[in-house]
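J.: Structure file entry32.txt (compact mmCIF, C-alpha atoms) is given on the next line.
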# COMPACT_ATOMS: atom_id res chain seq x y z
CA MET A 1 -24.07 13.63 -6.98
CA ARG A 2 -21.59 16.50 -7.05
CA ALA A 3 -19.83 18.32 -4.24
CA GLU A 4 -17.22 21.08 -4.22
CA GLY A 5 -15.11 22.80 -1.59
CA GLY A 6 -13.48 20.86 1.23
CA VAL A 7 -15.21 17.59 0.43
CA ARG A 8 -14.91 14.82 3.00
CA SER A 9 -16.69 11.47 3.08
CA THR A 10 -16.53 8.20 5.01
CA ASP A 11 -17.24 4.74 3.62
CA PHE A 12 -18.47 2.35 6.32
CA SER A 13 -18.98 -0.66 4.02
CA THR A 14 -15.93 -2.57 5.28
CA ALA A 15 -17.68 -5.92 5.01
CA GLY A 16 -19.54 -5.19 1.80
CA SER A 17 -18.67 -4.26 -1.74
CA GLY A 18 -15.83 -2.08 -2.95
CA ALA A 19 -12.08 -2.20 -2.51
CA GLN A 20 -10.94 -2.39 1.11
CA LEU A 21 -7.41 -1.78 2.39
CA ALA A 22 -8.40 -2.49 6.00
CA ALA A 23 -11.34 -3.67 8.08
CA VAL A 24 -12.17 -0.15 9.23
CA PRO A 25 -14.07 2.72 7.56
CA ALA A 26 -12.29 4.53 4.71
CA ASN A 27 -12.03 8.33 4.89
CA ILE A 28 -11.67 10.42 1.73
CA SER A 29 -11.11 14.14 1.25
CA ALA A 30 -10.69 16.31 -1.85
CA ASP A 31 -11.53 19.67 -3.39
CA ALA A 32 -14.38 18.18 -5.44
CA MET A 33 -16.28 14.92 -5.86
CA GLN A 34 -18.55 13.33 -8.45
CA ALA A 35 -20.39 10.12 -7.60
CA ASN A 36 -23.01 7.87 -9.14
CA SER A 37 -24.73 5.46 -6.75
CA LYS A 38 -26.11 3.37 -9.63
CA THR A 39 -22.77 2.65 -11.27
CA GLY A 40 -20.83 2.68 -8.01
CA ARG A 41 -18.24 5.12 -9.36
CA ALA A 42 -16.86 8.02 -7.33
CA LEU A 43 -14.20 10.46 -8.53
CA TYR A 44 -12.38 12.74 -6.08
CA THR A 45 -10.27 15.51 -7.62
CA GLY A 46 -7.93 18.16 -6.28
CA HIS A 47 -5.67 17.21 -3.35
CA ALA A 48 -7.44 13.86 -3.09
CA ARG A 49 -6.57 11.82 -0.02
CA LEU A 50 -7.81 8.43 1.19
CA TRP A 51 -6.86 6.81 4.48
CA GLN A 52 -7.98 3.48 5.88
CA GLY A 53 -6.18 1.84 8.78
CA ASP A 54 -2.42 2.22 8.29
CA SER A 55 -2.81 2.69 4.52
CA VAL A 56 -2.83 6.18 3.02
CA MET A 57 -3.19 7.32 -0.59
CA GLU A 58 -2.78 10.85 -1.99
CA ALA A 59 -2.99 12.04 -5.61
CA ASP A 60 -4.36 14.70 -7.93
CA SER A 61 -7.38 12.43 -8.36
CA ILE A 62 -8.64 9.19 -6.80
CA GLU A 63 -11.30 7.09 -8.50
CA LEU A 64 -13.27 4.39 -6.67
CA LEU A 65 -15.07 1.68 -8.65
CA ARG A 66 -17.32 -0.21 -6.25
CA GLU A 67 -18.46 -3.10 -8.45
CA GLU A 68 -14.96 -3.76 -9.82
CA ARG A 69 -13.43 -3.29 -6.33
CA VAL A 70 -10.75 -1.07 -7.84
CA MET A 71 -9.03 2.16 -6.78
CA ASN A 72 -7.24 4.38 -9.32
CA ALA A 73 -4.95 7.25 -8.33
CA VAL A 74 -3.48 9.58 -10.97
CA GLY A 75 -0.97 12.42 -10.74
CA ASN A 76 1.66 12.99 -8.03
CA VAL A 77 0.74 9.75 -6.32
CA ARG A 78 2.00 9.19 -2.80
CA ALA A 79 0.98 6.20 -0.74
CA VAL A 80 1.78 4.39 2.50
CA PHE A 81 1.18 0.66 3.00
CA PRO A 82 2.03 -1.63 5.93
CA GLN A 83 4.25 -4.66 5.39
CA ALA A 84 3.38 -8.21 6.38
CA ALA A 85 5.27 -9.69 9.32
CA GLY A 86 8.85 -10.63 8.57
CA PRO A 87 12.21 -10.98 10.31
CA TRP A 88 12.99 -8.34 12.92
CA PRO A 89 16.49 -7.31 13.97
CA ALA A 90 17.80 -9.30 16.94
CA GLN A 91 17.67 -7.51 20.28
CA THR A 92 20.64 -7.55 22.63
CA VAL A 93 18.60 -6.33 25.59
CA ALA A 94 15.62 -8.27 26.88
CA VAL A 95 12.41 -6.26 26.80
CA GLU A 96 8.85 -7.05 27.75
CA PRO A 97 6.96 -8.20 24.65
CA GLY A 98 4.30 -5.86 23.36
CA PRO A 99 2.53 -4.88 20.14
CA LYS A 100 4.99 -3.99 17.38
CA LYS A 101 4.48 -0.97 15.19
CA PRO A 102 3.86 -1.94 11.56
CA ARG A 103 6.67 -1.59 9.06
CA LEU A 104 5.54 0.95 6.50
CA TRP A 105 6.40 1.34 2.82
CA HIS A 106 6.27 4.84 1.33
CA VAL A 107 5.59 4.91 -2.39
CA THR A 108 5.61 7.65 -5.04
CA ALA A 109 4.54 7.24 -8.67
CA GLY A 110 2.64 8.82 -11.54
CA THR A 111 -0.24 6.34 -11.46
CA LEU A 112 -1.55 3.69 -9.07
CA THR A 113 -4.19 0.99 -9.53
CA TYR A 114 -5.27 -1.21 -6.62
CA ARG A 115 -7.32 -4.32 -7.43
CA ASP A 116 -8.87 -5.79 -4.32
CA ALA A 117 -9.79 -9.12 -5.94
CA GLU A 118 -6.14 -9.71 -6.89
CA GLY A 119 -4.63 -8.24 -3.72
CA ARG A 120 -2.31 -6.21 -5.94
CA THR A 121 -1.31 -2.61 -6.53
CA HIS A 122 0.28 -1.64 -9.86
CA LEU A 123 2.37 1.55 -10.03
CA GLU A 124 3.94 3.23 -13.04
CA LYS A 125 5.99 6.32 -13.99
CA ASN A 126 9.16 6.95 -11.96
CA VAL A 127 8.18 4.62 -9.15
CA VAL A 128 10.02 4.79 -5.83
CA ALA A 129 9.13 2.34 -3.05
CA GLN A 130 10.94 2.87 0.23
CA ALA A 131 10.92 1.17 3.63
CA ALA A 132 13.16 1.74 6.65
CA GLU A 133 16.01 -0.49 5.42
CA GLN A 134 15.63 -0.47 1.64
CA LYS A 135 14.59 1.56 -1.39
CA MET A 136 13.60 0.42 -4.89
CA ARG A 137 13.33 2.55 -8.03
CA ALA A 138 11.80 1.15 -11.22
CA THR A 139 9.72 1.94 -14.28
CA ALA A 140 6.87 -0.12 -12.82
CA VAL A 141 6.26 -1.84 -9.48
CA ASP A 142 3.66 -4.39 -8.41
CA LEU A 143 2.88 -4.70 -4.70
CA TYR A 144 1.25 -7.96 -3.62
CA PHE A 145 -0.80 -8.02 -0.43
CA THR A 146 -2.02 -10.56 2.10
CA ARG A 147 -4.72 -9.96 4.69
CA ALA A 148 -3.57 -9.72 8.30
CA GLU A 149 -4.99 -12.53 10.39
CA LYS A 150 -7.94 -11.86 12.64
CA PRO A 151 -7.23 -12.01 16.37
CA ASN A 152 -8.06 -15.09 18.42
CA SER A 153 -11.59 -14.88 19.79
CA ASN A 154 -10.21 -15.60 23.27
CA VAL A 155 -7.91 -12.57 23.22
CA VAL A 156 -8.98 -9.78 25.54
CA ILE A 157 -9.63 -6.58 23.63
CA GLY A 158 -6.98 -4.01 24.46
CA SER A 159 -4.36 -6.59 25.42
CA ALA A 160 -0.94 -6.71 23.78
CA ALA A 161 -1.94 -9.89 21.94
CA ALA A 162 -4.87 -8.19 20.21
CA ASN A 163 -4.17 -7.23 16.60
CA PRO A 164 -5.60 -3.82 15.70
CA ALA A 165 -4.59 -4.33 12.06
CA ALA A 166 -6.62 -7.53 11.67
CA GLY A 167 -8.05 -7.78 8.17
CA ALA A 168 -5.73 -5.10 6.78
CA GLN A 169 -3.92 -5.56 3.49
CA GLN A 170 -0.16 -5.85 4.10
CA ILE A 171 2.67 -6.05 1.57
CA SER A 172 4.04 -9.58 1.27
CA ARG A 173 5.95 -9.12 -1.99
CA ALA A 174 7.15 -6.28 -4.22
CA VAL A 175 8.24 -6.73 -7.84
CA GLY A 176 9.96 -3.97 -9.81
CA THR A 177 10.53 -4.12 -13.57
CA GLY A 178 12.46 -1.90 -15.95
CA GLY A 179 15.77 -0.35 -14.89
CA VAL A 180 15.46 -1.48 -11.28
CA ILE A 181 17.78 0.10 -8.71
CA VAL A 182 17.76 -1.23 -5.15
CA GLU A 183 19.54 0.39 -2.20
CA GLN A 184 20.09 -1.33 1.15
CA GLY A 185 22.35 0.55 3.52
CA THR A 186 25.60 1.27 1.69
CA ARG A 187 24.97 -1.37 -0.98
CA LYS A 188 23.29 -0.82 -4.34
CA ALA A 189 22.12 -3.30 -6.98
CA THR A 190 20.81 -2.87 -10.52
CA ALA A 191 18.95 -5.23 -12.87
CA GLU A 192 15.91 -5.36 -15.12
CA ARG A 193 13.86 -7.03 -12.40
CA GLY A 194 13.94 -6.93 -8.63
CA GLU A 195 11.73 -8.93 -6.28
CA TYR A 196 11.40 -8.32 -2.54
CA SER A 197 9.96 -10.88 -0.12
CA ALA A 198 8.67 -9.71 3.25
CA ALA A 199 9.03 -13.24 4.62
CA ASP A 200 12.84 -13.11 4.55
CA GLY A 201 13.42 -9.38 4.01
CA LYS A 202 15.58 -9.94 0.92
CA PHE A 203 15.72 -8.79 -2.71
CA VAL A 204 16.44 -11.06 -5.68
CA MET A 205 17.77 -9.26 -8.76
CA SER A 206 17.48 -10.78 -12.24
CA GLY A 207 17.36 -9.90 -15.94
CA GLY A 208 19.76 -7.82 -17.97
CA ASN A 209 23.15 -7.72 -16.25
CA PRO A 210 22.52 -7.83 -12.47
CA THR A 211 25.19 -5.82 -10.68
CA ILE A 212 25.89 -5.26 -6.98
CA TYR A 213 28.23 -2.53 -5.79
As a first step, turn the structure in this file into structure tokens.
T.:
Amino acid sequence: MRAEGGVRSTDFSTAGSGAQLAAVPANISADAMQANSKTGRALYTGHARLWQGDSVMEADSIELLREERVMNAVGNVRAVFPQAAGPWPAQTVAVEPGPKKPRLWHVTAGTLTYRDAEGRTHLEKNVVAQAAEQKMRATAVDLYFTRAEKPNSNVVIGSAAANPAAGAQQISRAVGTGGVIVEQGTRKATAERGEYSAADGKFVMSGGNPTIY
């Protein structure tokens, strides 16, 4: 199947085959699309954009491989992924608890490959991964995901305790390799490898001659 000119499609197979970034339908737009239902391959080219839940992916081309459960993005890649729950800054003023907005990572790279079976995204070529409090630059970066927990069956839909991101892939760990530069506030660190953990919100630098300044 081929389509050209303002192509837009929606994939509703959230519980079936194919790579899934969230438990909601995936929307895809592009200038052109080629798809083969037998092989399960779809290629979107020209201003390709995919969004599913809080995750967004943009590139010159996006390839979906259903059987392999893989997504490939090539050329001027920009992506947004939510982060798994971690430490939040302490509050000095008491506020009524409510649903927290997800922490988002904004990523740019030359290429991106997401493998659903591994829960991992591999990025190469001038990679920059940035969140609200930190930024990492590296030759290559691997983002490791965990699925958000499903809400308790006793939770009333629409209540603050309900989790709209249930089933979504969220970053739990980020590993940069090759000339890694990390910035947090006014501090900067360099090393050959940098690993970020969402659980404690910290980077560990290693390899080469780790330097903090």
J.: Between CA of Arg66 (chain A) and CA of Arg41 (chain A), what is the spacing in Å?
T.: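 According to the coordinates, CA of Arg41 (chain A) and CA of Arg66 (chain A) are separated by 6.2 Å.
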J.: Give me, as a Markdown table, the closest atom pair and its distance (Å, one decimal) for every residue of region 53-136 of chain A within a cut-off of 6 Å of region 170-192 of chain A, counting all atoms listed in the file, rows sorted by chain and rising number.
T.:
| residue | atom | partner | partner_atom | distance |
| --- | --- | --- | --- | --- |
| A:Pro82 | CA | A:Gln170 | CA | 5.1 |
| A:Gln83 | CA | A:Ile171 | CA | 4.4 |
| A:Ala84 | CA | A:Gln170 | CA | 4.8 |
| A:Glu133 | CA | A:Gln184 | CA | 6.0 |
| A:Gln134 | CA | A:Gln184 | CA | 4.6 |
| A:Lys135 | CA | A:Glu183 | CA | 5.2 |
| A:Met136 | CA | A:Val182 | CA | 4.5 |
J.: Step by step, gather every atom of region 43-54 of chain A that the file lists, find the box along x, y and z that holds them, add 3 Å on each side, and finally give centre and edge lengths in Å to one decimal, as JSON.
T.:
{"center_x": -8.3, "center_y": 10.0, "center_z": 0.1, "size_x": 17.8, "size_y": 22.3, "size_z": 23.3}
J.: From the set A:Ala22, A:Ala168, A:Met33, A:Val204, which residue has the shortest atom-to-atom contact distance to Arg147 (chain A), counting all atoms listed in the file?
T.: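 That would be A:Ala168, the residue with the smallest distance to Arg147 (chain A).
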J.: Would you list the contacts of Gly119 (chain A) as a list in words, taking every protein, DNA or RNA residue within 10 Å and counting all atoms listed in the file, but skipping same-chain residues closer than 6 positions in sequence?
T.: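 Returned residues: Ala19, Gln20, Leu21, Leu143, Tyr144, Phe145, Thr146, Arg147, Gln169, Gln170 and Ile171 of chain A.
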J.: Under the rule that all atoms listed in the file are counted, which of A:Asp142, A:Met205, A:Leu65, A:Arg8 is the nearest residue to Lys38 (chain A)?
T.: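 Checking each candidate against Lys38 (chain A), we get A:Leu65 as the closest.
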J.: Considering only C-alpha atoms, state which residue in the set A:Ala199, A:Leu112, A:Leu43, A:Ala148 is at the smallest distance from Asn72 (chain A).
T.: A:Leu112
J.: Between A:Gly18, A:Gly207, A:Gly75, A:Gly40, which residue has the minimum interatomic distance to Met57 (chain A), considering all atoms listed in the file?
T.: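 Under the stated criterion, the closest residue is A:Gly75.
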J.: Would you work out the distance separating CA of Arg115 (chain A) from CA of Glu68 (chain A), expressed in Å to one decimal?
T.: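 It comes out at 8.0 Å.
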J.: Determine, counting all atoms listed in the file, every residue of protein, DNA or RNA that lies within 12 Å of (7.5, 8.1, -12.5) in the file coordinates, then give the result as a list in words.
T.: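 Output of the proximity query reads Val74, Gly75, Asn76, Val77, Arg78, Val107, Thr108, Ala109, Gly110, Thr111, Leu112, Leu123, Glu124, Lys125, Asn126, Val127, Val128, Ala129, Arg137, Ala138, Thr139, Ala140, Val141 and Gly178 of chain A.
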J.: Select, from A:Thr113, A:Ala85, A:Val80, A:Tyr213, the residue with the minimum atom-to-atom distance to Gly201 (chain A), counting all atoms listed in the file.
T.: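 Among A:Thr113, A:Ala85, A:Val80, A:Tyr213, it is A:Ala85 that comes nearest to Gly201 (chain A).
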J.: Just how far from CA of Glu67 (chain A) is CA of Ile28 (chain A), in Å to one decimal?
T.: 18.2 Å
J.: Compile the contact shell of Gln52 (chain A) as a PyMOL selection string: residues with an atom at most 7 Å away, counting only C-alpha atoms, same-chain residues fewer than 3 positions apart removed.
T.: chain A and resi 21-22+24-27+55-56
J.: Could you give me, as JSON, numbers by chain, the residues within 6 Å of Ala30 (chain A), counting all atoms listed in the file and dropping anything in the same chain fewer than 6 positions from it?
T.: {"A": [7, 44, 45, 46, 47, 48]}
J.: How would region 116-127 of chain A look with all heavy atoms restored, written as a PDB file, in the coordinates of the input?
T.:
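Below is the file that was written, rebuild_25.pdb:
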ATOM      1  N   ASP A 116      -8.620  -5.059  -5.554  1.00  0.00           N
ATOM      2  CA  ASP A 116      -8.870  -5.790  -4.320  1.00  0.00           C
ATOM      3  C   ASP A 116      -8.976  -7.294  -4.554  1.00  0.00           C
ATOM      4  O   ASP A 116      -8.487  -8.094  -3.754  1.00  0.00           O
ATOM      5  CB  ASP A 116     -10.167  -5.273  -3.677  1.00  0.00           C
ATOM      6  CG  ASP A 116     -10.299  -5.678  -2.224  1.00  0.00           C
ATOM      7  OD1 ASP A 116      -9.556  -5.140  -1.393  1.00  0.00           O
ATOM      8  OD2 ASP A 116     -11.144  -6.545  -1.926  1.00  0.00           O
ATOM      9  N   ALA A 117      -9.606  -7.695  -5.656  1.00  0.00           N
ATOM     10  CA  ALA A 117      -9.790  -9.120  -5.940  1.00  0.00           C
ATOM     11  C   ALA A 117      -8.461  -9.837  -6.135  1.00  0.00           C
ATOM     12  O   ALA A 117      -8.333 -11.028  -5.832  1.00  0.00           O
ATOM     13  CB  ALA A 117     -10.671  -9.304  -7.170  1.00  0.00           C
ATOM     14  N   GLU A 118      -7.456  -9.116  -6.637  1.00  0.00           N
ATOM     15  CA  GLU A 118      -6.140  -9.710  -6.890  1.00  0.00           C
ATOM     16  C   GLU A 118      -5.183  -9.475  -5.723  1.00  0.00           C
ATOM     17  O   GLU A 118      -4.104 -10.076  -5.685  1.00  0.00           O
ATOM     18  CB  GLU A 118      -5.530  -9.118  -8.159  1.00  0.00           C
ATOM     19  CG  GLU A 118      -6.353  -9.352  -9.417  1.00  0.00           C
ATOM     20  CD  GLU A 118      -5.744  -8.672 -10.630  1.00  0.00           C
ATOM     21  OE1 GLU A 118      -4.566  -8.249 -10.549  1.00  0.00           O
ATOM     22  OE2 GLU A 118      -6.435  -8.558 -11.655  1.00  0.00           O
ATOM     23  N   GLY A 119      -5.553  -8.587  -4.800  1.00  0.00           N
ATOM     24  CA  GLY A 119      -4.630  -8.240  -3.720  1.00  0.00           C
ATOM     25  C   GLY A 119      -3.352  -7.648  -4.272  1.00  0.00           C
ATOM     26  O   GLY A 119      -2.253  -7.962  -3.812  1.00  0.00           O
ATOM     27  N   ARG A 120      -3.491  -6.732  -5.244  1.00  0.00           N
ATOM     28  CA  ARG A 120      -2.310  -6.210  -5.940  1.00  0.00           C
ATOM     29  C   ARG A 120      -2.472  -4.732  -6.259  1.00  0.00           C
ATOM     30  O   ARG A 120      -3.554  -4.275  -6.624  1.00  0.00           O
ATOM     31  CB  ARG A 120      -2.083  -6.990  -7.235  1.00  0.00           C
ATOM     32  CG  ARG A 120      -0.898  -6.520  -8.070  1.00  0.00           C
ATOM     33  CD  ARG A 120      -0.670  -7.467  -9.238  1.00  0.00           C
ATOM     34  NE  ARG A 120      -1.762  -7.420 -10.208  1.00  0.00           N
ATOM     35  CZ  ARG A 120      -1.744  -6.657 -11.311  1.00  0.00           C
ATOM     36  NH1 ARG A 120      -0.704  -5.877 -11.563  1.00  0.00           N
ATOM     37  NH2 ARG A 120      -2.765  -6.690 -12.153  1.00  0.00           N
ATOM     38  N   THR A 121      -1.372  -4.005  -6.117  1.00  0.00           N
ATOM     39  CA  THR A 121      -1.310  -2.610  -6.530  1.00  0.00           C
ATOM     40  C   THR A 121      -0.259  -2.471  -7.628  1.00  0.00           C
ATOM     41  O   THR A 121       0.879  -2.922  -7.461  1.00  0.00           O
ATOM     42  CB  THR A 121      -0.928  -1.691  -5.354  1.00  0.00           C
ATOM     43  OG1 THR A 121      -2.020  -1.626  -4.435  1.00  0.00           O
ATOM     44  CG2 THR A 121      -0.617  -0.277  -5.830  1.00  0.00           C
ATOM     45  N   HIS A 122      -0.637  -1.856  -8.748  1.00  0.00           N
ATOM     46  CA  HIS A 122       0.280  -1.640  -9.860  1.00  0.00           C
ATOM     47  C   HIS A 122       0.615  -0.158  -9.948  1.00  0.00           C
ATOM     48  O   HIS A 122      -0.284   0.688  -9.999  1.00  0.00           O
ATOM     49  CB  HIS A 122      -0.340  -2.115 -11.175  1.00  0.00           C
ATOM     50  CG  HIS A 122       0.557  -1.937 -12.358  1.00  0.00           C
ATOM     51  ND1 HIS A 122       1.666  -2.730 -12.579  1.00  0.00           N
ATOM     52  CD2 HIS A 122       0.524  -1.031 -13.382  1.00  0.00           C
ATOM     53  CE1 HIS A 122       2.270  -2.338 -13.690  1.00  0.00           C
ATOM     54  NE2 HIS A 122       1.603  -1.309 -14.191  1.00  0.00           N
ATOM     55  N   LEU A 123       1.914   0.161  -9.968  1.00  0.00           N
ATOM     56  CA  LEU A 123       2.370   1.550 -10.030  1.00  0.00           C
ATOM     57  C   LEU A 123       3.255   1.744 -11.251  1.00  0.00           C
ATOM     58  O   LEU A 123       4.056   0.873 -11.598  1.00  0.00           O
ATOM     59  CB  LEU A 123       3.163   1.907  -8.768  1.00  0.00           C
ATOM     60  CG  LEU A 123       2.427   1.706  -7.444  1.00  0.00           C
ATOM     61  CD1 LEU A 123       3.125   0.643  -6.624  1.00  0.00           C
ATOM     62  CD2 LEU A 123       2.326   3.003  -6.670  1.00  0.00           C
ATOM     63  N   GLU A 124       3.119   2.909 -11.882  1.00  0.00           N
ATOM     64  CA  GLU A 124       3.940   3.230 -13.040  1.00  0.00           C
ATOM     65  C   GLU A 124       4.412   4.680 -12.980  1.00  0.00           C
ATOM     66  O   GLU A 124       3.885   5.481 -12.217  1.00  0.00           O
ATOM     67  CB  GLU A 124       3.146   3.007 -14.341  1.00  0.00           C
ATOM     68  CG  GLU A 124       2.835   1.548 -14.647  1.00  0.00           C
ATOM     69  CD  GLU A 124       2.218   1.360 -16.021  1.00  0.00           C
ATOM     70  OE1 GLU A 124       1.917   2.382 -16.687  1.00  0.00           O
ATOM     71  OE2 GLU A 124       2.027   0.207 -16.436  1.00  0.00           O
ATOM     72  N   LYS A 125       5.427   4.983 -13.805  1.00  0.00           N
ATOM     73  CA  LYS A 125       5.990   6.320 -13.990  1.00  0.00           C
ATOM     74  C   LYS A 125       6.852   6.746 -12.798  1.00  0.00           C
ATOM     75  O   LYS A 125       6.355   7.237 -11.791  1.00  0.00           O
ATOM     76  CB  LYS A 125       4.894   7.361 -14.246  1.00  0.00           C
ATOM     77  CG  LYS A 125       4.097   7.098 -15.519  1.00  0.00           C
ATOM     78  CD  LYS A 125       3.047   8.169 -15.749  1.00  0.00           C
ATOM     79  CE  LYS A 125       2.252   7.892 -17.017  1.00  0.00           C
ATOM     80  NZ  LYS A 125       1.205   8.919 -17.254  1.00  0.00           N
ATOM     81  N   ASN A 126       8.169   6.518 -12.960  1.00  0.00           N
ATOM     82  CA  ASN A 126       9.160   6.950 -11.960  1.00  0.00           C
ATOM     83  C   ASN A 126       8.793   6.481 -10.557  1.00  0.00           C
ATOM     84  O   ASN A 126       8.668   7.279  -9.623  1.00  0.00           O
ATOM     85  CB  ASN A 126       9.300   8.475 -11.980  1.00  0.00           C
ATOM     86  CG  ASN A 126       9.717   9.005 -13.332  1.00  0.00           C
ATOM     87  OD1 ASN A 126      10.594   8.444 -13.978  1.00  0.00           O
ATOM     88  ND2 ASN A 126       9.076  10.078 -13.777  1.00  0.00           N
ATOM     89  N   VAL A 127       8.633   5.186 -10.418  1.00  0.00           N
ATOM     90  CA  VAL A 127       8.180   4.620  -9.150  1.00  0.00           C
ATOM     91  C   VAL A 127       9.340   4.526  -8.149  1.00  0.00           C
ATOM     92  O   VAL A 127      10.432   4.075  -8.488  1.00  0.00           O
ATOM     93  CB  VAL A 127       7.575   3.224  -9.346  1.00  0.00           C
ATOM     94  CG1 VAL A 127       7.022   2.696  -8.024  1.00  0.00           C
ATOM     95  CG2 VAL A 127       6.487   3.262 -10.408  1.00  0.00           C
TER      96      VAL A 127
END
